[in-house]
file my_file-v2.pdb (PDB, C-alpha atoms, pLDDT in the B column)
ATOM      1  CA  MET T   1    -100.963 -76.588  93.457  1.00 93.00           C
ATOM      2  CA  ARG T   2     -98.804 -78.189  90.771  1.00 97.00           C
ATOM      3  CA  VAL T   3     -99.826 -78.473  87.131  1.00 98.00           C
ATOM      4  CA  MET T   4     -99.353 -81.321  84.699  1.00 98.00           C
ATOM      5  CA  LEU T   5     -99.221 -80.023  81.153  1.00 98.00           C
ATOM      6  CA  LEU T   6     -99.940 -82.837  78.687  1.00 98.00           C
ATOM      7  CA  ALA T   7     -97.584 -82.487  75.731  1.00 97.00           C
ATOM      8  CA  ALA T   8     -96.702 -86.053  74.710  1.00 97.00           C
ATOM      9  CA  GLY T   9     -99.146 -86.497  71.840  1.00 92.00           C
ATOM     10  CA  ARG T  10     -98.000 -87.000  68.272  1.00 90.00           C
ATOM     11  CA  GLY T  11    -100.597 -84.689  66.746  1.00 91.00           C
ATOM     12  CA  GLU T  12    -101.337 -86.958  63.797  1.00 92.00           C
ATOM     13  CA  ARG T  13    -104.457 -84.997  62.791  1.00 94.00           C
ATOM     14  CA  MET T  14    -102.218 -82.012  62.109  1.00 96.00           C
ATOM     15  CA  GLY T  15    -100.712 -83.858  59.144  1.00 95.00           C
ATOM     16  CA  ALA T  16     -97.524 -82.374  57.736  1.00 96.00           C
ATOM     17  CA  LEU T  17     -97.483 -79.604  60.346  1.00 96.00           C
ATOM     18  CA  THR T  18     -96.234 -82.029  62.999  1.00 97.00           C
ATOM     19  CA  LYS T  19     -93.872 -84.059  60.833  1.00 96.00           C
ATOM     20  CA  THR T  20     -90.859 -82.271  62.292  1.00 96.00           C
ATOM     21  CA  CYS T  21     -92.517 -80.134  64.975  1.00 97.00           C
ATOM     22  CA  PRO T  22     -94.428 -81.402  68.041  1.00 96.00           C
ATOM     23  CA  LYS T  23     -97.979 -80.063  68.215  1.00 96.00           C
ATOM     24  CA  PRO T  24     -97.424 -78.025  71.417  1.00 96.00           C
ATOM     25  CA  LEU T  25     -94.809 -75.986  69.545  1.00 97.00           C
ATOM     26  CA  LEU T  26     -97.028 -75.047  66.610  1.00 97.00           C
ATOM     27  CA  PRO T  27     -97.079 -71.242  66.470  1.00 96.00           C
ATOM     28  CA  VAL T  28    -100.128 -69.077  66.931  1.00 96.00           C
ATOM     29  CA  ASN T  29    -100.030 -65.299  67.269  1.00 95.00           C
ATOM     30  CA  GLY T  30     -96.246 -65.429  67.172  1.00 95.00           C
ATOM     31  CA  SER T  31     -95.674 -67.948  69.986  1.00 96.00           C
ATOM     32  CA  PRO T  32     -95.919 -71.736  70.388  1.00 97.00           C
ATOM     33  CA  LEU T  33     -99.163 -73.076  71.821  1.00 96.00           C
ATOM     34  CA  ILE T  34     -97.410 -74.344  74.922  1.00 97.00           C
ATOM     35  CA  VAL T  35     -95.813 -70.954  75.586  1.00 97.00           C
ATOM     36  CA  HIS T  36     -99.261 -69.348  75.650  1.00 95.00           C
ATOM     37  CA  GLN T  37    -100.258 -71.978  78.230  1.00 95.00           C
ATOM     38  CA  LEU T  38     -97.194 -71.369  80.389  1.00 97.00           C
ATOM     39  CA  ARG T  39     -97.678 -67.604  80.390  1.00 96.00           C
ATOM     40  CA  LYS T  40    -101.308 -67.997  81.382  1.00 95.00           C
ATOM     41  CA  LEU T  41    -100.464 -70.394  84.208  1.00 95.00           C
ATOM     42  CA  GLN T  42     -97.819 -68.011  85.519  1.00 96.00           C
ATOM     43  CA  ASN T  43    -100.254 -65.102  85.391  1.00 95.00           C
ATOM     44  CA  MET T  44    -102.751 -67.122  87.422  1.00 93.00           C
ATOM     45  CA  GLY T  45    -100.201 -67.738  90.159  1.00 95.00           C
ATOM     46  CA  PHE T  46     -98.990 -71.261  89.405  1.00 96.00           C
ATOM     47  CA  ARG T  47     -95.276 -71.908  89.797  1.00 97.00           C
ATOM     48  CA  GLU T  48     -94.534 -75.650  89.584  1.00 98.00           C
ATOM     49  CA  ILE T  49     -95.223 -77.272  86.235  1.00 98.00           C
ATOM     50  CA  VAL T  50     -94.649 -80.859  85.113  1.00 98.00           C
ATOM     51  CA  ILE T  51     -94.620 -81.406  81.342  1.00 98.00           C
ATOM     52  CA  ASN T  52     -94.827 -84.898  79.902  1.00 98.00           C
ATOM     53  CA  THR T  53     -93.096 -85.387  76.581  1.00 98.00           C
ATOM     54  CA  SER T  54     -92.654 -88.149  74.041  1.00 97.00           C
ATOM     55  CA  TYR T  55     -92.763 -87.368  70.313  1.00 95.00           C
ATOM     56  CA  LEU T  56     -89.991 -84.835  69.553  1.00 96.00           C
ATOM     57  CA  GLY T  57     -89.934 -84.065  73.249  1.00 97.00           C
ATOM     58  CA  GLU T  58     -86.402 -82.686  73.110  1.00 97.00           C
ATOM     59  CA  GLN T  59     -87.754 -79.741  71.112  1.00 98.00           C
ATOM     60  CA  ILE T  60     -90.308 -78.966  73.817  1.00 98.00           C
ATOM     61  CA  GLN T  61     -87.658 -79.109  76.520  1.00 98.00           C
ATOM     62  CA  ALA T  62     -85.328 -76.881  74.496  1.00 98.00           C
ATOM     63  CA  THR T  63     -88.101 -74.300  74.055  1.00 98.00           C
ATOM     64  CA  CYS T  64     -89.444 -74.280  77.618  1.00 98.00           C
ATOM     65  CA  GLY T  65     -86.199 -74.944  79.481  1.00 98.00           C
ATOM     66  CA  ASP T  66     -86.335 -74.942  83.258  1.00 98.00           C
ATOM     67  CA  GLY T  67     -89.186 -72.434  83.187  1.00 98.00           C
ATOM     68  CA  SER T  68     -87.196 -69.516  84.580  1.00 98.00           C
ATOM     69  CA  GLN T  69     -87.892 -67.402  81.482  1.00 97.00           C
ATOM     70  CA  PHE T  70     -91.600 -67.638  82.365  1.00 97.00           C
ATOM     71  CA  GLY T  71     -91.199 -67.274  86.130  1.00 97.00           C
ATOM     72  CA  LEU T  72     -91.935 -70.996  86.538  1.00 98.00           C
ATOM     73  CA  ASP T  73     -90.215 -74.129  87.760  1.00 98.00           C
ATOM     74  CA  ILE T  74     -90.606 -76.794  85.072  1.00 98.00           C
ATOM     75  CA  ALA T  75     -89.848 -80.503  85.460  1.00 98.00           C
ATOM     76  CA  TYR T  76     -90.157 -83.077  82.680  1.00 98.00           C
ATOM     77  CA  SER T  77     -91.596 -86.569  82.605  1.00 98.00           C
ATOM     78  CA  HIS T  78     -90.346 -88.173  79.398  1.00 96.00           C
ATOM     79  CA  GLU T  79     -92.051 -91.205  77.884  1.00 96.00           C
ATOM     80  CA  PRO T  80     -89.856 -93.183  75.458  1.00 93.00           C
ATOM     81  CA  GLU T  81     -93.141 -94.515  74.080  1.00 91.00           C
ATOM     82  CA  ARG T  82     -96.330 -92.541  74.624  1.00 90.00           C
ATOM     83  CA  LEU T  83     -98.356 -93.927  77.518  1.00 96.00           C
ATOM     84  CA  GLU T  84    -101.720 -92.233  76.797  1.00 96.00           C
ATOM     85  CA  THR T  85    -103.102 -89.683  79.248  1.00 97.00           C
ATOM     86  CA  ALA T  86    -103.598 -91.781  82.388  1.00 98.00           C
ATOM     87  CA  GLY T  87    -100.376 -93.717  81.860  1.00 98.00           C
ATOM     88  CA  GLY T  88     -98.514 -90.450  81.432  1.00 98.00           C
ATOM     89  CA  ILE T  89     -99.974 -89.103  84.662  1.00 98.00           C
ATOM     90  CA  VAL T  90     -99.014 -92.290  86.529  1.00 98.00           C
ATOM     91  CA  ASN T  91     -95.495 -91.962  85.148  1.00 98.00           C
ATOM     92  CA  ALA T  92     -95.308 -88.369  86.404  1.00 98.00           C
ATOM     93  CA  LEU T  93     -96.761 -88.963  89.900  1.00 98.00           C
ATOM     94  CA  PRO T  94     -93.328 -88.862  91.610  1.00 97.00           C
ATOM     95  CA  LEU T  95     -93.014 -85.281  90.328  1.00 98.00           C
ATOM     96  CA  LEU T  96     -96.596 -84.284  91.155  1.00 98.00           C
ATOM     97  CA  GLY T  97     -96.622 -85.147  94.856  1.00 95.00           C
ATOM     98  CA  ASP T  98     -99.437 -86.376  97.073  1.00 95.00           C
ATOM     99  CA  GLN T  99    -101.792 -83.391  96.781  1.00 96.00           C
ATOM    100  CA  PRO T 100    -104.407 -82.630  94.066  1.00 96.00           C
ATOM    101  CA  PHE T 101    -102.977 -81.149  90.876  1.00 97.00           C
ATOM    102  CA  TRP T 102    -104.243 -79.480  87.719  1.00 96.00           C
ATOM    103  CA  VAL T 103    -104.097 -81.376  84.429  1.00 97.00           C
ATOM    104  CA  VAL T 104    -104.223 -79.290  81.251  1.00 96.00           C
ATOM    105  CA  ASN T 105    -103.902 -80.353  77.614  1.00 96.00           C
ATOM    106  CA  ALA T 106    -101.175 -78.315  75.939  1.00 94.00           C
ATOM    107  CA  ASP T 107    -103.298 -77.964  72.791  1.00 91.00           C
ATOM    108  CA  VAL T 108    -106.400 -76.517  74.455  1.00 93.00           C
ATOM    109  CA  TRP T 109    -107.128 -72.821  74.128  1.00 93.00           C
ATOM    110  CA  CYS T 110    -109.517 -71.477  76.726  1.00 92.00           C
ATOM    111  CA  ASP T 111    -110.189 -68.319  78.695  1.00 91.00           C
ATOM    112  CA  TYR T 112    -111.071 -70.327  81.791  1.00 91.00           C
ATOM    113  CA  GLN T 113    -108.895 -69.098  84.633  1.00 87.00           C
ATOM    114  CA  PRO T 114    -107.770 -71.870  86.959  1.00 85.00           C
ATOM    115  CA  PHE T 115    -106.550 -70.791  90.374  1.00 83.00           C
ATOM    116  CA  PRO T 116    -103.834 -72.534  92.406  1.00 84.00           C
ATOM    117  CA  TRP T 117    -106.054 -72.700  95.500  1.00 81.00           C
ATOM    118  CA  VAL T 118    -108.988 -74.599  93.959  1.00 80.00           C
ATOM    119  CA  ARG T 119    -110.049 -77.550  96.124  1.00 85.00           C
ATOM    120  CA  LEU T 120    -111.848 -80.741  95.253  1.00 93.00           C
ATOM    121  CA  PRO T 121    -115.349 -81.336  96.630  1.00 91.00           C
ATOM    122  CA  ARG T 122    -115.504 -83.611  99.662  1.00 90.00           C
ATOM    123  CA  GLY T 123    -114.977 -87.232  98.613  1.00 91.00           C
ATOM    124  CA  ALA T 124    -114.040 -86.342  95.032  1.00 97.00           C
ATOM    125  CA  MET T 125    -111.139 -87.866  93.153  1.00 98.00           C
ATOM    126  CA  ALA T 126    -111.378 -85.331  90.305  1.00 98.00           C
ATOM    127  CA  SER T 127    -113.290 -82.278  89.168  1.00 97.00           C
ATOM    128  CA  LEU T 128    -113.445 -81.792  85.395  1.00 97.00           C
ATOM    129  CA  ILE T 129    -114.106 -78.602  83.473  1.00 97.00           C
ATOM    130  CA  MET T 130    -116.958 -79.337  81.068  1.00 97.00           C
ATOM    131  CA  VAL T 131    -117.892 -77.231  78.035  1.00 97.00           C
ATOM    132  CA  ASP T 132    -120.742 -77.074  75.539  1.00 97.00           C
ATOM    133  CA  ASN T 133    -120.345 -79.644  72.783  1.00 96.00           C
ATOM    134  CA  PRO T 134    -118.265 -78.601  69.766  1.00 95.00           C
ATOM    135  CA  GLU T 135    -119.079 -79.732  66.226  1.00 94.00           C
ATOM    136  CA  HIS T 136    -116.543 -82.561  66.421  1.00 93.00           C
ATOM    137  CA  ASN T 137    -118.162 -84.025  69.580  1.00 95.00           C
ATOM    138  CA  PRO T 138    -121.892 -83.284  69.251  1.00 94.00           C
ATOM    139  CA  SER T 139    -123.078 -85.988  71.694  1.00 93.00           C
ATOM    140  CA  GLY T 140    -120.800 -84.877  74.518  1.00 95.00           C
ATOM    141  CA  ASP T 141    -118.981 -87.026  77.053  1.00 96.00           C
ATOM    142  CA  PHE T 142    -120.672 -86.793  80.444  1.00 96.00           C
ATOM    143  CA  GLY T 143    -123.621 -85.150  82.150  1.00 95.00           C
ATOM    144  CA  PHE T 144    -124.299 -83.897  85.662  1.00 95.00           C
ATOM    145  CA  ARG T 145    -126.115 -85.385  88.589  1.00 93.00           C
ATOM    146  CA  PRO T 146    -127.985 -83.030  90.946  1.00 92.00           C
ATOM    147  CA  ASN T 147    -125.156 -83.148  93.503  1.00 92.00           C
ATOM    148  CA  GLY T 148    -122.585 -81.933  90.959  1.00 93.00           C
ATOM    149  CA  SER T 149    -120.976 -85.296  90.317  1.00 96.00           C
ATOM    150  CA  LEU T 150    -120.702 -86.415  86.722  1.00 96.00           C
ATOM    151  CA  ALA T 151    -122.910 -89.018  85.090  1.00 96.00           C
ATOM    152  CA  LEU T 152    -122.243 -91.375  82.195  1.00 95.00           C
ATOM    153  CA  ARG T 153    -123.846 -90.305  78.934  1.00 89.00           C
ATOM    154  CA  ASP T 154    -126.394 -93.138  78.868  1.00 85.00           C
ATOM    155  CA  GLU T 155    -127.465 -92.155  82.397  1.00 84.00           C
ATOM    156  CA  VAL T 156    -128.112 -88.524  81.468  1.00 71.00           C
ATOM    157  CA  GLN T 157    -131.737 -87.538  80.986  1.00 68.00           C
ATOM    158  CA  THR T 158    -130.856 -84.086  79.657  1.00 72.00           C
ATOM    159  CA  GLN T 159    -127.771 -82.669  77.956  1.00 88.00           C
ATOM    160  CA  ALA T 160    -124.293 -84.162  78.086  1.00 94.00           C
ATOM    161  CA  PHE T 161    -121.241 -81.943  77.878  1.00 97.00           C
ATOM    162  CA  THR T 162    -117.682 -82.279  76.554  1.00 97.00           C
ATOM    163  CA  TYR T 163    -114.633 -82.739  78.757  1.00 98.00           C
ATOM    164  CA  SER T 164    -112.449 -79.712  78.076  1.00 97.00           C
ATOM    165  CA  GLY T 165    -109.086 -81.359  78.689  1.00 96.00           C
ATOM    166  CA  MET T 166    -108.725 -79.483  81.997  1.00 96.00           C
ATOM    167  CA  GLY T 167    -109.402 -80.616  85.523  1.00 96.00           C
ATOM    168  CA  VAL T 168    -108.187 -81.094  89.071  1.00 97.00           C
ATOM    169  CA  TYR T 169    -107.154 -84.640  89.978  1.00 98.00           C
ATOM    170  CA  HIS T 170    -106.265 -86.354  93.217  1.00 97.00           C
ATOM    171  CA  PRO T 171    -103.265 -88.683  92.867  1.00 97.00           C
ATOM    172  CA  ASP T 172    -105.230 -91.472  94.576  1.00 97.00           C
ATOM    173  CA  LEU T 173    -107.339 -91.792  91.409  1.00 98.00           C
ATOM    174  CA  PHE T 174    -104.271 -93.372  89.798  1.00 97.00           C
ATOM    175  CA  LYS T 175    -103.211 -95.446  92.787  1.00 94.00           C
ATOM    176  CA  GLY T 176    -102.306 -99.029  91.943  1.00 95.00           C
ATOM    177  CA  TYR T 177    -101.698 -98.418  88.240  1.00 96.00           C
ATOM    178  CA  ALA T 178     -98.357 -98.900  86.513  1.00 95.00           C
ATOM    179  CA  PRO T 179     -96.784 -96.391  84.115  1.00 95.00           C
ATOM    180  CA  GLU T 180     -97.907 -98.242  81.016  1.00 96.00           C
ATOM    181  CA  LEU T 181    -100.222 -97.646  78.081  1.00 96.00           C
ATOM    182  CA  LEU T 182    -103.356 -96.471  79.879  1.00 97.00           C
ATOM    183  CA  PRO T 183    -106.086 -94.180  78.497  1.00 97.00           C
ATOM    184  CA  LEU T 184    -107.884 -91.821  80.849  1.00 98.00           C
ATOM    185  CA  ARG T 185    -111.502 -92.436  79.886  1.00 97.00           C
ATOM    186  CA  PRO T 186    -111.906 -95.893  81.507  1.00 97.00           C
ATOM    187  CA  LEU T 187    -110.603 -94.497  84.810  1.00 97.00           C
ATOM    188  CA  LEU T 188    -113.031 -91.595  84.591  1.00 98.00           C
ATOM    189  CA  GLU T 189    -115.946 -93.853  83.752  1.00 97.00           C
ATOM    190  CA  GLN T 190    -115.182 -96.107  86.706  1.00 97.00           C
ATOM    191  CA  GLY T 191    -114.850 -93.087  88.969  1.00 98.00           C
ATOM    192  CA  ILE T 192    -118.137 -91.673  87.676  1.00 97.00           C
ATOM    193  CA  THR T 193    -119.840 -94.987  88.392  1.00 96.00           C
ATOM    194  CA  ASN T 194    -118.423 -94.783  91.927  1.00 97.00           C
ATOM    195  CA  GLY T 195    -119.648 -91.192  92.321  1.00 97.00           C
ATOM    196  CA  VAL T 196    -116.203 -89.653  92.905  1.00 98.00           C
ATOM    197  CA  ILE T 197    -115.789 -87.604  89.697  1.00 98.00           C
ATOM    198  CA  PHE T 198    -117.310 -84.128  89.854  1.00 97.00           C
ATOM    199  CA  GLY T 199    -117.462 -81.373  87.283  1.00 96.00           C
ATOM    200  CA  GLU T 200    -117.957 -77.698  86.570  1.00 95.00           C
ATOM    201  CA  ARG T 201    -119.635 -76.293  83.477  1.00 96.00           C
ATOM    202  CA  PHE T 202    -117.675 -73.525  81.737  1.00 96.00           C
ATOM    203  CA  ARG T 203    -119.536 -71.299  79.290  1.00 95.00           C
ATOM    204  CA  GLY T 204    -116.655 -69.169  78.023  1.00 94.00           C
ATOM    205  CA  SER T 205    -114.365 -69.447  75.001  1.00 94.00           C
ATOM    206  CA  TRP T 206    -112.789 -72.880  74.449  1.00 96.00           C
ATOM    207  CA  LEU T 207    -111.119 -74.558  71.481  1.00 96.00           C
ATOM    208  CA  ASP T 208    -109.467 -77.954  71.090  1.00 95.00           C
ATOM    209  CA  VAL T 209    -106.647 -77.085  68.684  1.00 96.00           C
ATOM    210  CA  GLY T 210    -106.459 -80.569  67.218  1.00 93.00           C
ATOM    211  CA  THR T 211    -106.570 -79.950  63.463  1.00 96.00           C
ATOM    212  CA  PRO T 212    -105.064 -77.428  61.015  1.00 97.00           C
ATOM    213  CA  GLU T 213    -108.516 -75.898  60.602  1.00 97.00           C
ATOM    214  CA  ARG T 214    -108.857 -75.264  64.329  1.00 96.00           C
ATOM    215  CA  LEU T 215    -105.325 -73.879  64.460  1.00 97.00           C
ATOM    216  CA  ASP T 216    -106.357 -71.412  61.740  1.00 97.00           C
ATOM    217  CA  GLU T 217    -109.494 -70.596  63.709  1.00 96.00           C
ATOM    218  CA  LEU T 218    -107.438 -69.766  66.785  1.00 96.00           C
ATOM    219  CA  GLU T 219    -105.166 -67.508  64.712  1.00 96.00           C
ATOM    220  CA  LYS T 220    -108.256 -65.683  63.455  1.00 95.00           C
ATOM    221  CA  ARG T 221    -109.488 -65.214  67.019  1.00 93.00           C
ATOM    222  CA  PHE T 222    -106.203 -63.567  67.950  1.00 91.00           C
ATOM    223  CA  ALA T 223    -106.376 -61.359  64.861  1.00 92.00           C
ATOM    224  CA  ALA T 224    -109.926 -60.287  65.700  1.00 90.00           C
ATOM    225  CA  ALA T 225    -108.884 -59.365  69.241  1.00 82.00           C
ATOM    226  CA  ARG T 226    -106.036 -57.083  68.138  1.00 76.00           C
TER     227      ARG T 226
END
call {"tool": "encode", "arguments": {"input": "my_file-v2.pdb", "output": "C-alpha cells"}}
result
Amino acid sequence: MRVMLLAAGRGERMGALTKTCPKPLLPVNGSPLIVHQLRKLQNMGFREIVINTSYLGEQIQATCGDGSQFGLDIAYSHEPERLETAGGIVNALPLLGDQPFWVVNADVWCDYQPFPWVRLPRGAMASLIMVDNPEHNPSGDFGFRPNGSLALRDEVQTQAFTYSGMGVYHPDLFKGYAPELLPLRPLLEQGITNGVIFGERFRGSWLDVGTPERLDELEKRFAAAR
C-alpha cells in the first residue's frame, strides 16, 4: 500500500518558526518532524511514499531526497499554489495508483501503527483514524454509527471524536474532481451522508503539532521517554 504524506501546508500558526522553514522540517528530538514520520513508515513495512509539497517545498525534497536513505522510494507531487488536502490528493492520484492508500499529515505525532496490508471495509471509500477530542477541538468532528461507519456531528447521540489526520482512502472517493483548491471536509461529509466513510477509534498517544506550544509539548514527551 502506498502512502501520501501531506506536507504542503504553510504552517502559519507556527509564526516565525516557519518563516524560512516549512513546518514538516521543524526539528524535534534532533530530527525534522517529517523524518520521524518516514522512519516510522519504513519500520512498519511501507516502501512507496508520495509527498505533496508547496510552501518551501524544495527544502523538503532536499532533506528527504529519493527516500533511499530511509529505505523508501519517495515521489513528489508539487503544488505551485497549495490546493488544500483533497485538491492535493487529486493532484497526486497519478502517483498513488488505483488501489487504496494511506494518507498521513506530516505534522501529526502518534503511536498508532498503520500496516501496509490494512483493507477497507466492504463498500467503504475511506476509513479514518479517530481520536479523543483534544483541547483545541473539544466538540469533535464525527461520531460512529453501530455498523462502524461515521456519522455527522449533529447526527450523533453520544460522543463525537476528532479526525486524527490519518486514514485509508480509496482513489474513487476523489473521482471526477480536478486538481484545484479543494478542502477535504466537504468530501468526507458527503461520503458520510452516503454511508461510505468508516472509522476506527484510537486510544493511544496522539498530538497535532500545529502550534509552537504543541511542538514544545512533543519535545517534552521525547525528553520524558529518554
call {"tool": "atom_distance", "arguments": {"input": "my_file-v2.pdb", "atom1": "atom CA of T:Ala8", "atom2": "atom CA of T:Leu120"}}
result
26.1 Å
call {"tool": "resolve_selection", "arguments": {"input": "my_file-v2.pdb", "expression": "the PyMOL selection byres ((chain T and resi 43) around 12)", "output": "number ranges by chain"}}
result
T: 36-42, 44-47, 70-72, 113-116
call {"tool": "resolve_selection", "arguments": {"input": "my_file-v2.pdb", "expression": "the PyMOL selection byres ((chain T and resi 141) around 7)", "output": "number ranges by chain"}}
result
T: 139-140, 142, 153, 160-163
call {"tool": "closest_residue", "arguments": {"input": "my_file-v2.pdb", "among": "T:Lys175, T:Arg214, T:Arg201, T:His170", "to": "T:Ser149", "atoms": "only C-alpha atoms"}}
result
T:Arg201
call {"tool": "resolve_selection", "arguments": {"input": "my_file-v2.pdb", "expression": "the PyMOL selection byres ((chain T and resi 190-196) around 9)", "output": "MDAnalysis selection string"}}
result
chainID T and resid 123:127 149:152 173 185:189 197:198
call {"tool": "write_last_selection", "arguments": {"input": "my_file-v2.pdb", "atoms": "C-alpha atoms", "output": "tab-separated table (two decimals), keeping the file's coordinate frame"}}
result
chain	number	residue	atom	x	y	z
T	123	GLY	CA	-114.98	-87.23	98.61
T	124	ALA	CA	-114.04	-86.34	95.03
T	125	MET	CA	-111.14	-87.87	93.15
T	126	ALA	CA	-111.38	-85.33	90.30
T	127	SER	CA	-113.29	-82.28	89.17
T	149	SER	CA	-120.98	-85.30	90.32
T	150	LEU	CA	-120.70	-86.42	86.72
T	151	ALA	CA	-122.91	-89.02	85.09
T	152	LEU	CA	-122.24	-91.38	82.20
T	173	LEU	CA	-107.34	-91.79	91.41
T	185	ARG	CA	-111.50	-92.44	79.89
T	186	PRO	CA	-111.91	-95.89	81.51
T	187	LEU	CA	-110.60	-94.50	84.81
T	188	LEU	CA	-113.03	-91.60	84.59
T	189	GLU	CA	-115.95	-93.85	83.75
T	197	ILE	CA	-115.79	-87.60	89.70
T	198	PHE	CA	-117.31	-84.13	89.85
call {"tool": "residues_around", "arguments": {"input": "my_file-v2.pdb", "residues": "T:Val104", "least_positions_apart": "4", "cutoff": "12 Å", "atoms": "all atoms listed in the file", "output": "tab-separated table (two decimals) with C-alpha atoms, in the frame of the given file"}}
result
chain	number	residue	atom	x	y	z
T	2	ARG	CA	-98.80	-78.19	90.77
T	3	VAL	CA	-99.83	-78.47	87.13
T	4	MET	CA	-99.35	-81.32	84.70
T	5	LEU	CA	-99.22	-80.02	81.15
T	6	LEU	CA	-99.94	-82.84	78.69
T	7	ALA	CA	-97.58	-82.49	75.73
T	34	ILE	CA	-97.41	-74.34	74.92
T	37	GLN	CA	-100.26	-71.98	78.23
T	38	LEU	CA	-97.19	-71.37	80.39
T	40	LYS	CA	-101.31	-68.00	81.38
T	41	LEU	CA	-100.46	-70.39	84.21
T	49	ILE	CA	-95.22	-77.27	86.24
T	50	VAL	CA	-94.65	-80.86	85.11
T	51	ILE	CA	-94.62	-81.41	81.34
T	52	ASN	CA	-94.83	-84.90	79.90
T	85	THR	CA	-103.10	-89.68	79.25
T	89	ILE	CA	-99.97	-89.10	84.66
T	108	VAL	CA	-106.40	-76.52	74.46
T	109	TRP	CA	-107.13	-72.82	74.13
T	110	CYS	CA	-109.52	-71.48	76.73
T	112	TYR	CA	-111.07	-70.33	81.79
T	113	GLN	CA	-108.90	-69.10	84.63
T	114	PRO	CA	-107.77	-71.87	86.96
T	128	LEU	CA	-113.44	-81.79	85.40
T	129	ILE	CA	-114.11	-78.60	83.47
T	163	TYR	CA	-114.63	-82.74	78.76
T	164	SER	CA	-112.45	-79.71	78.08
T	165	GLY	CA	-109.09	-81.36	78.69
T	166	MET	CA	-108.72	-79.48	82.00
T	167	GLY	CA	-109.40	-80.62	85.52
T	168	VAL	CA	-108.19	-81.09	89.07
T	169	TYR	CA	-107.15	-84.64	89.98
T	208	ASP	CA	-109.47	-77.95	71.09
call {"tool": "residues_near_point", "arguments": {"input": "my_file-v2.pdb", "point": "(-103.1, -94.4, 87.1)", "cutoff": "9 Å", "atoms": "all atoms listed in the file", "output": "tab-separated table (two decimals) with C-alpha atoms, in the frame of the given file"}}
result
chain	number	residue	atom	x	y	z
T	86	ALA	CA	-103.60	-91.78	82.39
T	87	GLY	CA	-100.38	-93.72	81.86
T	88	GLY	CA	-98.51	-90.45	81.43
T	89	ILE	CA	-99.97	-89.10	84.66
T	90	VAL	CA	-99.01	-92.29	86.53
T	91	ASN	CA	-95.50	-91.96	85.15
T	93	LEU	CA	-96.76	-88.96	89.90
T	171	PRO	CA	-103.26	-88.68	92.87
T	172	ASP	CA	-105.23	-91.47	94.58
T	173	LEU	CA	-107.34	-91.79	91.41
T	174	PHE	CA	-104.27	-93.37	89.80
T	175	LYS	CA	-103.21	-95.45	92.79
T	176	GLY	CA	-102.31	-99.03	91.94
T	177	TYR	CA	-101.70	-98.42	88.24
T	178	ALA	CA	-98.36	-98.90	86.51
T	179	PRO	CA	-96.78	-96.39	84.12
T	180	GLU	CA	-97.91	-98.24	81.02
T	182	LEU	CA	-103.36	-96.47	79.88
T	184	LEU	CA	-107.88	-91.82	80.85
T	187	LEU	CA	-110.60	-94.50	84.81
call {"tool": "atom_distance", "arguments": {"input": "my_file-v2.pdb", "atom1": "atom CA of T:Ala224", "atom2": "atom CA of T:Val28"}}
result
13.2 Å
call {"tool": "closest_residue", "arguments": {"input": "my_file-v2.pdb", "among": "T:Asn133, T:Gln59, T:Thr53, T:Ser77", "to": "T:Arg10", "atoms": "only C-alpha atoms"}}
result
T:Thr53
call {"tool": "closest_residue", "arguments": {"input": "my_file-v2.pdb", "among": "T:Glu84, T:Asp111, T:Asp132, T:Glu58", "to": "T:Ser205", "atoms": "all atoms listed in the file"}}
result
T:Asp111
call {"tool": "closest_residue", "arguments": {"input": "my_file-v2.pdb", "among": "T:Glu81, T:Asp154, T:Glu213, T:Glu135", "to": "T:Leu17", "atoms": "all atoms listed in the file"}}
result
T:Glu213
call {"tool": "atom_distance", "arguments": {"input": "my_file-v2.pdb", "atom1": "atom CA of T:Met1", "atom2": "atom CA of T:Phe222"}}
result
29.1 Å
call {"tool": "axis_aligned_box", "arguments": {"input": "my_file-v2.pdb", "around": "stretch 139-156 of chain T", "padding_each_side": "5 Å", "output": "lines of an AutoDock Vina configuration file"}}
result
center_x = -123.5
center_y = -87.5
center_z = 82.6
size_x = 19.1
size_y = 21.2
size_z = 31.8
call {"tool": "closest_residue", "arguments": {"input": "my_file-v2.pdb", "among": "T:Glu48, T:Glu200, T:Pro22, T:Ile74", "to": "T:Gly97", "atoms": "all atoms listed in the file"}}
result
T:Glu48
call {"tool": "build_atoms", "arguments": {"input": "my_file-v2.pdb", "residues": "stretch 193-201 of chain T", "atoms": "N, CA and C atoms", "output": "mmCIF file, in the frame of the given file"}}
result
data_model
loop_
_atom_site.group_PDB
_atom_site.id
_atom_site.type_symbol
_atom_site.label_atom_id
_atom_site.label_comp_id
_atom_site.auth_asym_id
_atom_site.auth_seq_id
_atom_site.Cartn_x
_atom_site.Cartn_y
_atom_site.Cartn_z
ATOM 1 N N THR T 193 -118.962 -93.936 87.862
ATOM 2 C CA THR T 193 -119.840 -94.987 88.392
ATOM 3 C C THR T 193 -119.785 -95.023 89.915
ATOM 4 N N ASN T 194 -118.602 -94.767 90.473
ATOM 5 C CA ASN T 194 -118.423 -94.783 91.927
ATOM 6 C C ASN T 194 -118.822 -93.465 92.590
ATOM 7 N N GLY T 195 -119.194 -92.471 91.778
ATOM 8 C CA GLY T 195 -119.648 -91.192 92.321
ATOM 9 C C GLY T 195 -118.559 -90.285 92.842
ATOM 10 N N VAL T 196 -117.308 -90.459 92.359
ATOM 11 C CA VAL T 196 -116.203 -89.653 92.905
ATOM 12 C C VAL T 196 -115.615 -88.681 91.878
ATOM 13 N N ILE T 197 -116.238 -88.561 90.699
ATOM 14 C CA ILE T 197 -115.789 -87.604 89.697
ATOM 15 C C ILE T 197 -116.832 -86.493 89.589
ATOM 16 N N PHE T 198 -116.418 -85.283 89.897
ATOM 17 C CA PHE T 198 -117.310 -84.128 89.854
ATOM 18 C C PHE T 198 -116.952 -83.259 88.647
ATOM 19 N N GLY T 199 -117.724 -82.223 88.428
ATOM 20 C CA GLY T 199 -117.462 -81.373 87.283
ATOM 21 C C GLY T 199 -117.986 -79.969 87.481
ATOM 22 N N GLU T 200 -117.527 -79.093 86.597
ATOM 23 C CA GLU T 200 -117.957 -77.698 86.570
ATOM 24 C C GLU T 200 -118.204 -77.320 85.115
ATOM 25 N N ARG T 201 -119.340 -76.724 84.834
ATOM 26 C CA ARG T 201 -119.635 -76.293 83.477
ATOM 27 C C ARG T 201 -119.033 -74.912 83.230
#
